[in-house]
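Q: Here you go, this is model05.cif (mmCIF, C-alpha atoms and all ligand atoms).
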```cif
data_run
#
loop_
_atom_site.label_atom_id
_atom_site.label_comp_id
_atom_site.auth_asym_id
_atom_site.auth_seq_id
_atom_site.Cartn_x
_atom_site.Cartn_y
_atom_site.Cartn_z
CA MET V 1 25.03 26.52 13.18
CA ALA V 2 26.82 28.57 10.59
CA SER V 3 27.73 25.70 8.33
CA GLY V 4 24.22 24.23 8.37
CA PRO V 5 22.57 22.93 5.22
CA VAL V 6 20.39 25.98 4.58
CA ALA V 7 23.25 28.43 4.59
CA ALA V 8 24.07 30.58 1.62
CA ASN V 9 25.97 29.79 -1.53
CA PRO V 10 29.76 30.02 -0.99
CA GLN V 11 29.97 32.19 -4.09
CA THR V 12 28.06 34.98 -2.38
CA GLU V 13 30.75 35.59 0.23
CA ALA V 14 34.19 36.70 -0.86
CA LEU V 15 36.97 34.13 -0.72
CA LEU V 16 38.80 34.42 2.58
CA ARG V 17 42.56 34.06 2.83
CA VAL V 18 43.56 32.77 6.23
CA VAL V 19 47.01 32.28 7.70
CA THR V 20 47.58 30.33 10.90
CA ALA V 21 50.40 31.03 13.31
CA GLY V 22 51.49 29.58 16.60
CA SER V 23 54.45 28.08 18.39
CA VAL V 24 55.37 24.43 18.10
CA ASP V 25 52.93 22.23 20.06
CA ASP V 26 50.32 24.94 20.57
CA GLY V 27 48.01 22.71 18.54
CA LYS V 28 48.03 24.33 15.13
CA SER V 29 47.90 21.06 13.18
CA THR V 30 45.15 19.72 15.41
CA LEU V 31 43.14 22.92 15.07
CA VAL V 32 43.40 23.03 11.29
CA GLY V 33 42.61 19.31 11.10
CA ARG V 34 39.59 19.77 13.36
CA LEU V 35 38.37 22.68 11.30
CA LEU V 36 38.57 20.66 8.10
CA TYR V 37 37.20 17.48 9.67
CA ASP V 38 34.24 18.94 11.56
CA SER V 39 33.21 21.22 8.74
CA ARG V 40 33.46 18.20 6.41
CA ALA V 41 35.35 20.52 4.16
CA VAL V 42 38.17 18.07 3.73
CA MET V 43 38.18 15.80 0.75
CA VAL V 44 36.91 12.31 1.43
CA ASP V 45 40.08 10.51 0.31
CA GLN V 46 42.13 12.55 2.75
CA LEU V 47 39.65 11.64 5.51
CA ASN V 48 39.92 7.94 4.77
CA ALA V 49 43.71 8.16 4.71
CA MET V 50 43.70 9.87 8.10
CA GLU V 51 41.32 7.35 9.65
CA GLU V 52 43.41 4.47 8.33
CA ALA V 53 46.65 6.02 9.52
CA SER V 54 45.16 6.71 12.97
CA GLU V 55 44.22 3.07 13.34
CA ARG V 56 47.56 1.83 12.00
CA LEU V 57 49.50 4.05 14.39
CA GLY V 58 47.34 2.91 17.29
CA TYR V 59 45.53 6.16 18.07
CA ASP V 60 42.28 6.01 19.92
CA GLY V 61 39.97 7.50 17.34
CA ALA V 62 40.96 9.82 14.54
CA GLU V 63 44.20 11.71 15.22
CA LEU V 64 43.50 15.07 13.67
CA ALA V 65 47.09 16.28 13.54
CA LEU V 66 47.67 13.51 10.98
CA LEU V 67 45.39 15.35 8.66
CA THR V 68 47.80 18.23 8.48
CA ASP V 69 51.09 16.65 9.53
CA GLY V 70 50.42 13.57 7.40
CA LEU V 71 49.81 15.67 4.34
CA ARG V 72 52.81 17.73 5.21
CA ALA V 73 55.02 14.63 5.50
CA GLU V 74 53.84 13.51 2.11
CA ARG V 75 54.56 16.90 0.73
CA GLU V 76 58.08 16.81 2.12
CA GLN V 77 58.62 13.46 0.43
CA GLY V 78 57.49 15.03 -2.78
CA ILE V 79 54.24 13.06 -2.99
CA THR V 80 52.21 16.21 -3.00
CA ILE V 81 48.48 16.31 -2.40
CA ASP V 82 48.49 20.08 -2.37
CA VAL V 83 51.03 22.80 -1.84
CA ALA V 84 51.38 25.12 1.13
CA TYR V 85 47.95 26.56 0.39
CA ARG V 86 44.95 24.47 1.35
CA TYR V 87 41.63 25.25 -0.29
CA PHE V 88 38.39 24.34 1.39
CA ALA V 89 34.81 25.45 1.32
CA THR V 90 31.78 25.33 3.59
CA THR V 91 28.26 26.07 2.47
CA ARG V 92 28.85 29.73 3.28
CA ARG V 93 32.31 30.53 2.09
CA SER V 94 35.46 29.38 0.34
CA PHE V 95 38.80 29.59 2.10
CA VAL V 96 42.45 29.50 1.22
CA LEU V 97 44.47 28.49 4.23
CA ALA V 98 48.17 29.26 4.18
CA ASP V 99 49.74 26.37 6.01
CA THR V 100 53.21 27.25 7.21
CA PRO V 101 55.17 24.09 6.51
CA GLY V 102 57.80 22.53 8.74
CA HIS V 103 57.96 22.47 12.48
CA VAL V 104 60.59 25.15 12.92
CA GLN V 105 58.40 28.18 13.25
CA TYR V 106 60.50 30.74 11.51
CA THR V 107 58.79 34.04 11.08
CA ARG V 108 59.58 33.64 7.38
CA ASN V 109 56.68 31.24 6.96
CA MET V 110 54.37 33.58 8.77
CA VAL V 111 55.49 36.56 6.67
CA THR V 112 54.92 34.66 3.44
CA GLY V 113 51.47 33.48 4.47
CA ALA V 114 50.40 36.75 6.08
CA SER V 115 51.44 38.95 3.19
CA THR V 116 48.29 37.99 1.31
CA ALA V 117 46.00 37.06 4.20
CA ASP V 118 42.71 38.68 5.16
CA VAL V 119 42.71 36.99 8.57
CA ALA V 120 45.46 35.64 10.80
CA VAL V 121 44.49 32.95 13.29
CA VAL V 122 47.11 33.19 16.04
CA LEU V 123 47.15 30.25 18.42
CA VAL V 124 48.21 30.37 22.01
CA ASP V 125 48.36 27.63 24.60
CA ALA V 126 45.96 28.65 27.39
CA ARG V 127 48.46 27.44 29.98
CA THR V 128 51.24 29.78 28.91
CA GLY V 129 49.19 32.57 27.35
CA VAL V 130 50.87 35.15 25.14
CA ILE V 131 54.59 34.39 24.84
CA GLU V 132 57.38 36.04 22.86
CA GLN V 133 56.61 34.01 19.73
CA THR V 134 52.96 35.12 19.94
CA ARG V 135 54.01 38.76 20.26
CA ARG V 136 56.16 38.40 17.18
CA HIS V 137 53.36 36.80 15.20
CA LEU V 138 50.92 39.50 16.30
CA ALA V 139 53.44 42.19 15.38
CA VAL V 140 54.09 40.68 11.94
CA ALA V 141 50.37 40.34 11.22
CA ALA V 142 49.70 43.94 12.26
CA LEU V 143 52.71 45.32 10.34
CA LEU V 144 51.62 43.43 7.23
CA ARG V 145 48.22 45.09 7.73
CA VAL V 146 46.29 41.85 8.05
CA GLY V 147 42.89 43.40 8.76
CA ARG V 148 41.66 40.84 11.29
CA ILE V 149 43.42 38.77 13.89
CA VAL V 150 41.65 35.90 15.61
CA LEU V 151 43.36 34.84 18.82
CA ALA V 152 42.55 31.15 19.31
CA VAL V 153 43.23 30.36 22.96
CA ASN V 154 43.71 26.60 22.73
CA LYS V 155 43.91 23.76 25.25
CA MET V 156 41.25 25.32 27.43
CA ASP V 157 40.65 21.80 28.83
CA LEU V 158 44.06 21.98 30.48
CA VAL V 159 43.20 25.16 32.42
CA ASP V 160 39.84 23.91 33.60
CA PHE V 161 38.03 26.10 31.04
CA SER V 162 39.06 29.14 33.04
CA GLU V 163 37.53 32.40 31.82
CA GLU V 164 40.22 34.24 33.73
CA LYS V 165 43.02 32.52 31.76
CA PHE V 166 41.25 33.37 28.52
CA ASP V 167 40.81 37.02 29.54
CA GLU V 168 44.48 37.25 30.51
CA ALA V 169 45.55 36.05 27.04
CA VAL V 170 43.20 38.46 25.28
CA GLU V 171 44.37 41.36 27.38
CA ALA V 172 48.03 40.57 26.70
CA ALA V 173 47.35 40.35 22.96
CA SER V 174 45.47 43.67 22.96
CA GLU V 175 48.38 45.27 24.74
CA VAL V 176 50.78 44.05 22.07
CA LEU V 177 48.58 45.39 19.31
CA CYS V 178 47.93 48.82 20.76
CA SER V 179 51.33 50.14 19.72
CA LEU V 180 51.09 48.67 16.20
CA PRO V 181 49.11 49.58 13.07
CA ALA V 182 45.37 49.18 13.71
CA THR V 183 43.87 45.76 13.26
CA HIS V 184 40.71 44.13 14.51
CA LEU V 185 41.18 41.55 17.28
CA THR V 186 38.66 38.82 18.10
CA ALA V 187 39.37 35.96 20.47
CA VAL V 188 37.86 32.52 20.89
CA PRO V 189 38.57 29.90 23.58
CA VAL V 190 38.96 26.46 21.98
CA VAL V 191 39.89 22.84 22.55
CA ALA V 192 41.29 21.70 19.22
CA THR V 193 41.45 18.03 20.20
CA ALA V 194 37.79 17.83 21.24
CA GLY V 195 36.41 20.47 18.89
CA ASP V 196 35.06 22.95 21.46
CA ASN V 197 34.20 26.24 19.75
CA ILE V 198 35.80 25.17 16.49
CA VAL V 199 32.73 24.36 14.42
CA THR V 200 30.14 24.00 17.15
CA ARG V 201 29.66 26.04 20.29
CA SER V 202 31.15 24.51 23.42
CA GLU V 203 28.90 23.68 26.32
CA ARG V 204 31.93 23.52 28.56
CA MET V 205 32.52 27.28 28.35
CA PRO V 206 29.09 28.86 28.82
CA TRP V 207 30.77 32.16 29.80
CA TYR V 208 31.95 32.65 26.22
CA GLY V 209 29.38 34.82 24.47
CA GLY V 210 30.88 34.70 20.98
CA VAL V 211 30.57 32.34 18.05
CA PRO V 212 32.76 29.32 17.16
CA LEU V 213 35.91 29.81 15.09
CA LEU V 214 34.44 28.59 11.81
CA GLU V 215 31.46 30.93 12.12
CA LEU V 216 33.83 33.80 12.84
CA LEU V 217 35.78 32.99 9.69
CA GLU V 218 32.61 32.56 7.64
CA SER V 219 31.26 35.93 8.61
CA VAL V 220 34.24 38.30 8.68
CA PRO V 221 33.99 40.94 6.00
CA VAL V 222 36.90 41.20 3.58
CA GLU V 223 38.06 44.77 3.63
CA HIS V 224 40.38 46.21 1.07
CA PRO V 225 41.87 49.62 1.70
CA ALA V 226 41.06 52.33 -0.82
CA SER V 227 43.48 52.14 -3.73
CA PRO V 228 45.60 55.17 -4.60
CA GLY V 229 44.92 54.45 -8.31
CA ALA V 230 46.08 52.00 -10.96
CA ARG V 231 49.60 50.58 -10.81
CA PHE V 232 50.80 48.38 -13.64
CA PRO V 233 54.46 47.36 -13.35
CA VAL V 234 55.69 46.31 -16.79
CA GLN V 235 57.03 42.77 -16.92
CA LEU V 236 57.71 42.56 -20.62
CA VAL V 237 57.68 44.84 -23.64
CA ILE V 238 56.08 43.02 -26.58
CA ARG V 239 57.15 44.10 -30.02
CA PRO V 240 56.81 41.28 -32.55
CA ARG V 241 59.17 41.43 -35.49
CA THR V 242 56.76 39.73 -37.91
CA ASP V 243 55.70 41.99 -40.80
CA GLY V 244 51.96 41.84 -40.18
CA TYR V 245 52.49 43.11 -36.61
CA ARG V 246 55.13 45.71 -37.34
CA ASP V 247 53.20 48.44 -35.54
CA PHE V 248 52.22 46.37 -32.53
CA ARG V 249 53.67 47.40 -29.25
CA GLY V 250 52.22 46.22 -25.95
CA TYR V 251 53.25 45.92 -22.35
CA ALA V 252 52.62 42.73 -20.45
CA GLY V 253 52.14 42.74 -16.71
CA ARG V 254 49.70 42.48 -13.86
CA VAL V 255 47.52 45.16 -12.30
CA VAL V 256 48.74 45.33 -8.69
CA SER V 257 46.56 48.23 -7.54
CA GLY V 258 43.28 49.72 -8.78
CA SER V 259 42.15 49.04 -12.35
CA LEU V 260 43.03 50.33 -15.83
CA LYS V 261 40.33 51.23 -18.37
CA VAL V 262 40.65 51.85 -22.07
CA GLY V 263 40.78 55.64 -22.46
CA ASP V 264 42.30 56.25 -19.00
CA PRO V 265 44.98 58.93 -18.94
CA VAL V 266 48.17 57.38 -17.59
CA SER V 267 51.71 58.38 -16.81
CA VAL V 268 54.71 56.14 -17.25
CA LEU V 269 57.14 56.28 -14.36
CA PRO V 270 59.96 56.99 -13.71
CA SER V 271 60.12 58.96 -17.01
CA GLY V 272 56.88 60.85 -16.33
CA ARG V 273 55.62 60.71 -19.93
CA THR V 274 51.82 60.87 -20.21
CA THR V 275 49.49 59.15 -22.66
CA THR V 276 46.24 57.15 -22.63
CA VAL V 277 45.37 53.45 -22.59
CA SER V 278 44.32 52.49 -26.12
CA ALA V 279 43.65 48.78 -25.56
CA VAL V 280 43.70 46.04 -22.96
CA GLU V 281 44.38 42.65 -24.52
CA THR V 282 44.29 39.10 -23.16
CA ALA V 283 44.74 35.66 -24.68
CA ASP V 284 40.92 35.50 -24.85
CA GLY V 285 40.53 38.80 -26.71
CA PRO V 286 40.34 42.50 -25.85
CA LEU V 287 38.79 43.87 -22.64
CA GLY V 288 37.38 47.27 -21.74
CA ALA V 289 39.35 47.31 -18.51
CA ALA V 290 41.93 45.35 -16.57
CA GLU V 291 40.89 44.76 -12.98
CA LEU V 292 43.08 44.21 -9.94
CA ASP V 293 45.25 41.07 -10.27
CA HIS V 294 44.51 40.60 -13.97
CA SER V 295 47.50 39.73 -16.14
CA VAL V 296 47.05 41.55 -19.43
CA VAL V 297 48.81 43.31 -22.28
CA VAL V 298 48.25 47.06 -22.21
CA ARG V 299 48.62 49.20 -25.32
CA LEU V 300 49.10 52.94 -25.20
CA ALA V 301 48.03 55.71 -27.61
CA ASP V 302 51.53 57.14 -27.97
CA ASP V 303 54.83 55.58 -28.71
CA VAL V 304 56.50 55.98 -25.33
CA ASP V 305 59.87 54.56 -24.46
CA ILE V 306 59.10 51.90 -21.85
CA ALA V 307 61.27 49.16 -20.34
CA ARG V 308 60.67 46.27 -17.94
CA GLY V 309 60.44 47.68 -14.44
CA ASP V 310 58.64 50.87 -15.45
CA VAL V 311 55.21 51.41 -13.92
CA ILE V 312 52.11 52.57 -15.82
CA VAL V 313 50.15 54.67 -13.34
CA GLY V 314 46.46 55.66 -13.61
CA PRO V 315 44.65 58.72 -12.26
CA GLY V 316 44.64 59.17 -8.48
CA THR V 317 47.37 59.72 -5.94
CA PRO V 318 50.73 59.36 -7.68
CA PRO V 319 53.44 57.11 -6.22
CA ALA V 320 56.88 58.44 -5.27
CA VAL V 321 59.76 58.15 -7.70
CA THR V 322 62.74 57.95 -5.42
CA THR V 323 66.07 56.37 -4.60
CA SER V 324 65.49 56.58 -0.88
CA ALA V 325 62.92 54.96 1.38
CA VAL V 326 62.34 54.05 5.00
CA ALA V 327 61.03 50.53 5.43
CA THR V 328 60.15 48.11 8.21
CA LEU V 329 62.06 44.92 7.57
CA CYS V 330 61.49 41.44 8.80
CA TRP V 331 64.92 39.84 8.68
CA LEU V 332 64.56 36.30 7.34
CA SER V 333 68.11 35.05 7.08
CA GLU V 334 70.44 33.28 9.51
CA GLU V 335 73.06 35.71 8.32
CA PRO V 336 72.56 39.09 10.04
CA LEU V 337 72.14 42.34 8.17
CA GLN V 338 75.50 43.97 7.64
CA ALA V 339 75.29 47.72 8.02
CA GLY V 340 76.13 49.64 4.89
CA ARG V 341 76.29 46.51 2.75
CA THR V 342 74.84 46.41 -0.75
CA TYR V 343 71.92 44.09 -1.43
CA ARG V 344 69.73 43.58 -4.44
CA VAL V 345 66.40 45.28 -3.89
CA ARG V 346 63.48 43.59 -5.64
CA HIS V 347 60.49 45.80 -6.03
CA CYS V 348 57.61 44.78 -8.31
CA THR V 349 59.25 44.00 -11.65
CA ARG V 350 62.34 46.07 -10.92
CA ASP V 351 65.59 44.78 -9.49
CA VAL V 352 68.19 47.36 -8.40
CA ARG V 353 71.12 47.60 -6.01
CA GLY V 354 70.72 49.29 -2.67
CA THR V 355 72.52 50.01 0.58
CA VAL V 356 70.73 49.44 3.84
CA THR V 357 71.26 51.22 7.16
CA VAL V 358 69.45 50.14 10.30
CA ARG V 359 67.59 52.86 12.21
CA ASP V 360 66.05 50.87 15.01
CA ARG V 361 64.95 47.44 16.08
CA LEU V 362 61.72 46.41 17.76
CA ASP V 363 62.21 44.64 21.06
CA VAL V 364 59.40 42.12 20.90
CA SER V 365 59.20 41.62 24.67
CA THR V 366 58.83 45.32 25.53
CA LEU V 367 57.45 46.48 22.14
CA GLN V 368 59.81 49.42 22.32
CA SER V 369 62.01 50.37 19.41
CA ALA V 370 65.65 51.05 20.23
CA PRO V 371 68.53 52.19 18.02
CA ALA V 372 70.37 49.25 16.47
CA GLU V 373 73.17 48.58 14.00
CA SER V 374 72.13 45.20 12.72
CA LEU V 375 69.13 42.89 12.38
CA GLU V 376 69.18 39.15 12.99
CA LEU V 377 66.95 36.26 12.07
CA ASN V 378 63.27 37.04 12.83
CA ASP V 379 64.07 40.61 13.94
CA LEU V 380 61.74 43.44 13.00
CA GLY V 381 63.28 46.84 12.50
CA ARG V 382 63.24 50.08 10.56
CA VAL V 383 65.91 50.74 7.95
CA SER V 384 66.84 53.31 5.34
CA VAL V 385 67.31 51.93 1.85
CA VAL V 386 69.18 53.94 -0.77
CA THR V 387 69.03 52.53 -4.28
CA THR V 388 71.26 53.15 -7.28
CA GLU V 389 68.28 53.74 -9.57
CA PRO V 390 64.88 55.24 -8.77
CA LEU V 391 61.97 53.05 -7.69
CA VAL V 392 58.29 53.82 -8.25
CA ILE V 393 56.91 53.17 -4.79
CA ASP V 394 53.95 53.73 -2.52
CA ARG V 395 53.70 53.45 1.22
CA TYR V 396 52.78 49.87 2.18
CA ALA V 397 49.72 51.15 4.03
CA ASP V 398 48.41 52.77 0.82
CA SER V 399 49.25 50.03 -1.66
CA PRO V 400 50.75 46.80 -0.25
CA ARG V 401 52.04 45.40 -3.55
CA THR V 402 53.88 48.54 -4.66
CA GLY V 403 54.83 49.27 -1.06
CA SER V 404 56.74 46.09 -0.36
CA LEU V 405 60.21 45.00 -1.27
CA VAL V 406 62.51 42.05 -0.83
CA LEU V 407 66.23 42.18 -0.11
CA VAL V 408 68.32 39.54 -1.83
CA ASP V 409 71.96 38.60 -1.29
CA GLU V 410 73.90 39.71 -4.37
CA LEU V 411 76.13 36.66 -4.46
CA THR V 412 73.92 33.76 -3.40
CA GLY V 413 70.52 35.06 -4.53
CA ALA V 414 69.11 34.10 -1.09
CA THR V 415 66.16 36.09 0.27
CA MET V 416 67.41 38.10 3.23
CA ALA V 417 64.43 40.23 4.24
CA ALA V 418 60.91 41.28 3.43
CA GLY V 419 60.18 44.97 3.78
CA MET V 420 57.21 47.29 4.00
CA VAL V 421 57.74 50.87 2.89
CA GLU V 422 56.78 53.31 5.63
CA ASP V 423 57.92 56.49 3.96
CA THR V 424 59.72 57.81 0.92
CA ALA V 425 62.11 60.70 0.76
P1 LIG V 501 51.49 22.05 16.46
O1 LIG V 501 52.93 21.75 16.69
O2 LIG V 501 51.15 23.45 16.85
O3 LIG V 501 50.99 21.71 15.08
O4 LIG V 501 50.70 21.15 17.51
P2 LIG V 501 49.89 19.80 17.35
O5 LIG V 501 48.59 20.02 16.69
O6 LIG V 501 50.77 18.75 16.77
O7 LIG V 501 49.57 19.50 18.88
C1 LIG V 501 50.58 19.33 19.85
C2 LIG V 501 50.06 18.47 20.98
O8 LIG V 501 49.06 19.15 21.71
C3 LIG V 501 49.42 17.17 20.50
O9 LIG V 501 49.77 16.14 21.36
C4 LIG V 501 47.94 17.46 20.57
O10 LIG V 501 47.16 16.30 20.74
C5 LIG V 501 47.87 18.38 21.77
N1 LIG V 501 46.72 19.29 21.71
C6 LIG V 501 46.36 20.09 20.68
N2 LIG V 501 45.26 20.79 20.99
C7 LIG V 501 44.91 20.42 22.25
C8 LIG V 501 43.84 20.78 23.13
O11 LIG V 501 42.98 21.61 22.82
N3 LIG V 501 43.83 20.18 24.35
C9 LIG V 501 44.76 19.27 24.72
N4 LIG V 501 44.65 18.72 25.93
N5 LIG V 501 45.78 18.90 23.91
C10 LIG V 501 45.86 19.47 22.70
#
```
Re-express the file's structure as structure tokens.
Ligand code: GDP
A:
Amino acid sequence: MASGPVAANPQTEALLRVVTAGSVDDGKSTLVGRLLYDSRAVMVDQLNAMEEASERLGYDGAELALLTDGLRAEREQGITIDVAYRYFATTRRSFVLADTPGHVQYTRNMVTGASTADVAVVLVDARTGVIEQTRRHLAVAALLRVGRIVLAVNKMDLVDFSEEKFDEAVEAASEVLCSLPATHLTAVPVVATAGDNIVTRSERMPWYGGVPLLELLESVPVEHPASPGARFPVQLVIRPRTDGYRDFRGYAGRVVSGSLKVGDPVSVLPSGRTTTVSAVETADGPLGAAELDHSVVVRLADDVDIARGDVIVGPGTPPAVTTSAVATLCWLSEEPLQAGRTYRVRHCTRDVRGTVTVRDRLDVSTLQSAPAESLELNDLGRVSVVTTEPLVIDRYADSPRTGSLVLVDELTGATMAAGMVEDTA
């Protein structure tokens, strides 16, 4: 068994970010609870609380959904045990599980969780197979370039462990994915309530030749697409006024693509000025390089005029500097997109105004795109965005962090949509 005592050190395998998705009652809470319970990855105090609650509420044995729903309820009351991200580890690997809170399965939760996930576990009920909600979740995961999708066909006990039902679900999911950006699909038939194929292999489905869900998750490689080069959006210009530091000028931010080394030639966009990195500083002292995701202060050899929102770009493929982009949006608001209306466009550390025009909308049941004027809650569609000031952007497929944007209502500040840049013009 993958999680056996002689398995490797969790440090040796990269941390895996997992998002779960499914419709209400497909068994998501039970599955996550089972995964934590059977792998003994859940903290002991949480286990005791669940066992006590199960007894108190009159369940026969431990009710696994309480492990997730119970924690969720506590979170909603503000008595937080953890936030929406659940950390757990087996002997082979550490995981961060994005738990999409609340029972109303808005795509918004899925988008938030999937935007940083390496793997999406998409649940379906074996009785109904792939339904519209599943198609939407598969489409969102593929569009967000989640590299691996695991289709967990749950409640196999209710279809008599039918291989045919399982195959039907897998085929339907493959069909959905074939017209979307490439992703790797694996499927596993499970019974979340009883634990079949969750941590241990099920004897009730001998026709299934694959490994249990946990083993799948423990062994999937984490693949990061090749970076187009360093991208360092400036959050803050640091220029202390104190005498001793009169000459100090640094730029605080986070490396969102590639890495920046001292001595690297860089250009500052949108102005296009070029210089070199003279130092990389942190609270713990100077570094030779700033790696992906590091928050640092970068100093440059020349005195270049830089403001918040500018991007320091390293050698490699340059990003576009443009006021016009085509993006795939996932509309996250109850209020539909109004054609031609101005929204605030948040992109990295820059915040500009932009007008949005819908090009087409994806019909999730047919997977065909058709011309449309508007987008409504949970819709996926392509739009043109024209901004008042230039943005320094990449295509989402090349660099997810500098290729994504968020549309915000100018008046209320509410998040309206999440977007992935497909093209720049
Ligand atoms: P969620 O809304 O997706 O989080 O679903 P829950 O985990 O709360 O499960 C919904 C219902 O389905 C509960 O009554 C579970 O006990 C039941 N359930 C979940 N998984 C299975 C399964 O594999 N087999 C059967 N028979 N019932 C299941």
Q: Where does segment 136-236 of chain V meet segment 18-34 of chain V within 8 Å, residue by residue, with the nearest atom pair and distance in Å to one decimal for each, counting all atoms listed in the file, listed by chain and rising number, as JSON lines?
A:
```
{"residue": "V:His137", "atom": "CA", "partner": "V:Ala21", "partner_atom": "CA", "distance": 6.8}
{"residue": "V:Asn154", "atom": "CA", "partner": "V:Asp26", "partner_atom": "CA", "distance": 7.1}
{"residue": "V:Lys155", "atom": "CA", "partner": "V:Gly27", "partner_atom": "CA", "distance": 7.9}
{"residue": "V:Ala192", "atom": "CA", "partner": "V:Leu31", "partner_atom": "CA", "distance": 4.7}
{"residue": "V:Thr193", "atom": "CA", "partner": "V:Thr30", "partner_atom": "CA", "distance": 6.3}
{"residue": "V:Gly195", "atom": "CA", "partner": "V:Arg34", "partner_atom": "CA", "distance": 6.4}
{"residue": "V:Ile198", "atom": "CA", "partner": "V:Arg34", "partner_atom": "CA", "distance": 7.3}
```
Q: So, counting all atoms listed in the file, which residue among V:Leu292, V:Leu123, V:Leu300, V:Ala14 is closest to ligand LIG 501 (chain V)?
A: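 That would be V:Leu123, the residue with the smallest distance to ligand LIG 501 (chain V).
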Q: Grab the atom CA of Val130 of chain V to atom CA of Val176 of chain V distance for me, in Å with one decimal place.
A: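 Separating atom CA of Val130 of chain V from atom CA of Val176 of chain V is a distance of 9.4 Å.
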Q: Can you pull out every residue within 9 Å of segment 164-172 of chain V, counting all atoms listed in the file, but drop anything in the same chain fewer than 5 positions away, and send it as a list in words?
A: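 After dropping sequence-adjacent residues, the list is Val124, Ala126, Arg127, Thr128, Gly129, Val130, Arg135, Leu151, Val153, Met156, Val159, Leu177, Leu185, Thr186, Ala187, Val188 and Pro189 of chain V.
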Q: Nearest residue to Val146 of chain V out of V:Arg382, V:Arg350, V:Arg249, V:Arg17, using all atoms listed in the file?
A: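 Of V:Arg382, V:Arg350, V:Arg249, V:Arg17, the one nearest Val146 of chain V, counting all atoms listed in the file, is V:Arg17.
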Q: Can you list, as an MDAnalysis selection string, every protein, DNA or RNA residue that comes within 8 Å of segment 277-290 of chain V when you count all atoms listed in the file, leaving out same-chain residues fewer than 5 positions away?
A: chainID V and resid 255 259:266 295:301
Q: From the list V:Thr328, V:Ala142, V:Ala194, V:Ser94, which residue is nearest ligand LIG 501 (chain V) when using only C-alpha atoms and all ligand atoms?
A: V:Ala194
Q: Go ahead and fit an axis-aligned box to every listed atom of segment 199-209 of chain V plus 5 Å each side, and pass me the centre and edge lengths in Å, one decimal, as lines of an AutoDock Vina configuration file.
A:
```
center_x = 30.8
center_y = 29.2
center_z = 22.1
size_x = 13.8
size_y = 21.3
size_z = 25.4
```
